[in-house]
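Here the structure comes first, spelled out in structure tokens, and everything after it is commentary.
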Amino acid sequence: MTNQMKLIFAGSGAFGLPTLRALQSQIVLVVSQPDRPAGRGRHLVPTPISQFALENNLPLLRTDHFNDEKLPEADAMVVIAFGQKISQAQANHPRLGSVNLHGSLLPKFRGAAPINWTILSGESFTGNSVIRLADRMDAGAILGQSRLEITPTETAGELHDRLSADGPNTIAKVLAGLGTIPEIPQDESQATRASKLSRRDAMLDWKTGAESISRRIRAFWPWPACHMRLLDATGNEVRRIALARARPAVSEGTRWHPGEIEGSGFINAGTDAVEILELQPEGGRVMSLADYRRGHPWMPGMRLESPEK
């Protein structure tokens with residue numbers, strides 16, 4: 001029955017691509033944001049969802065004003081990382097209404113950056129939630145959820161891809177029972193926010209401790225990324241790098257100051273230390289610290305600090 005449903009798909013970001021790919025034979029309309037200027041040349045670039053629709057000859061509507069558009073008849077609408085608030089009139093247009101896939105275990109981490117804030121908060125598990133669209137962001141009744149374990153050194157980029165790949169199965173289960181499965185209201189007392197990220201969020205204070213710093217490095221990779229100035233012992237800048245993966249480590253003690261490279265190669269974080277596992281030199285590729293050290297200085301007494309924003 002599910003594969004006979006006529007569906008509208010509303011989305012913009014790459015998070016929804018696996019689900020759109022799985023549902024494409026049922027799609028009567030794809031709706032996405034308009035093309036935006038990008039890159040040095042500021043050429044107009046379609047969203048990942050628009051690009052997929054164009055490449056696969058799916059009917060595509062690109063609009064800044066979704067609520068003013070006339071929609072075709074459909075059984076349901078699937079909304080994933082769309083980027084516009086959808087009115088209840090549009091949400092209720094399909095016969096069985098609309099559902100939204102969100103990358104957290106709601107009611108935790110409502111908002112624009114749930115995956116990043118899940119890692120930053122030190123959660124051991126996460127998952128996708130499929131909810132009804134509501135007037136308040138990510139506050140609709142829960143129709144289904146999945147559950148994934150977060151690995152100890154996983155980055156936000158890696159978790160994004162795993163949750164994205166989980167989307168088709170989670171959506172399919174909900175669509176199969178839409179109209180008959182329970183719709184469970186969210187517990188508002190458990191709701192937390194996952195606000196939009198900025199580059200300033202990725203600045204590091206090496207006095208805040210290894211666990212907090214390691215989470216921040218992983219939570220903000222690949223964007224906005226924790227960019228660093230690598231300074232020699234006299235304070236001169238040697239290189240700029242971005243930190244991609246890290247974990248807590250044991251410090252060699254108080255002879256080192258926060259942000260300094262210890263004799264072990266770890267970064268002092270006060271009472272403990274941070275082991276950098278992967279980094280990206282400015283203009284280079286992501287590599288392990290071991291590979292970086294084969295051709296670049298990473299010496300005890302050198303220091304890492306966030307550049308001024």
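Going by the structure tokens order, chains are called A, B, ..., each with residues numbered from 1, while ligands are numbered from 1 in the order shown.
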
All residues 9 Å or closer to Pro152 in chain A, only C-alpha atoms, same chain fewer than 2 positions away omitted, as a ChimeraX atom specification:
/A:124,150,154,247

Filtering to N, CA and C atoms, could you give me those residues as a tab-separated table (two decimals), in the first residue's frame?
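Written file, part.tsv:
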```tsv
chain	number	residue	atom	x	y	z
A	124	SER	N	24.79	9.67	24.46
A	124	SER	CA	25.30	8.38	24.01
A	124	SER	C	24.47	7.80	22.88
A	150	ILE	N	25.82	6.61	19.44
A	150	ILE	CA	26.86	7.53	19.00
A	150	ILE	C	28.20	6.97	19.42
A	154	GLU	N	32.91	10.04	17.15
A	154	GLU	CA	32.13	10.36	15.95
A	154	GLU	C	31.97	11.87	15.79
A	247	ARG	N	39.86	13.38	21.34
A	247	ARG	CA	39.32	12.67	22.51
A	247	ARG	C	40.11	13.08	23.75
```

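If you count only C-alpha atoms and ignore residues fewer than 6 places along the chain from Gln186 in chain A, what sits within 9 Å of it is Leu106, Pro107, Ala139, Gly140, Ala141 and Ile142 of chain A.
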
Mind checking which residues fall within 7 Å of Leu163 in chain A, counting only C-alpha atoms, ignoring those fewer than 4 positions away in the same chain, and posting them as a PyMOL selection string?
chain A and resi 103+127-128+159+167

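Nearest to Gly13 in chain A of all the residues A:Ala112, A:Val99, A:Val286, A:Leu204 is A:Ala112, based on only C-alpha atoms.
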
With distances taken over only C-alpha atoms, the candidate from A:Gln84, A:Trp206, A:Leu44, A:Pro168 nearest Gln24 in chain A is A:Pro168
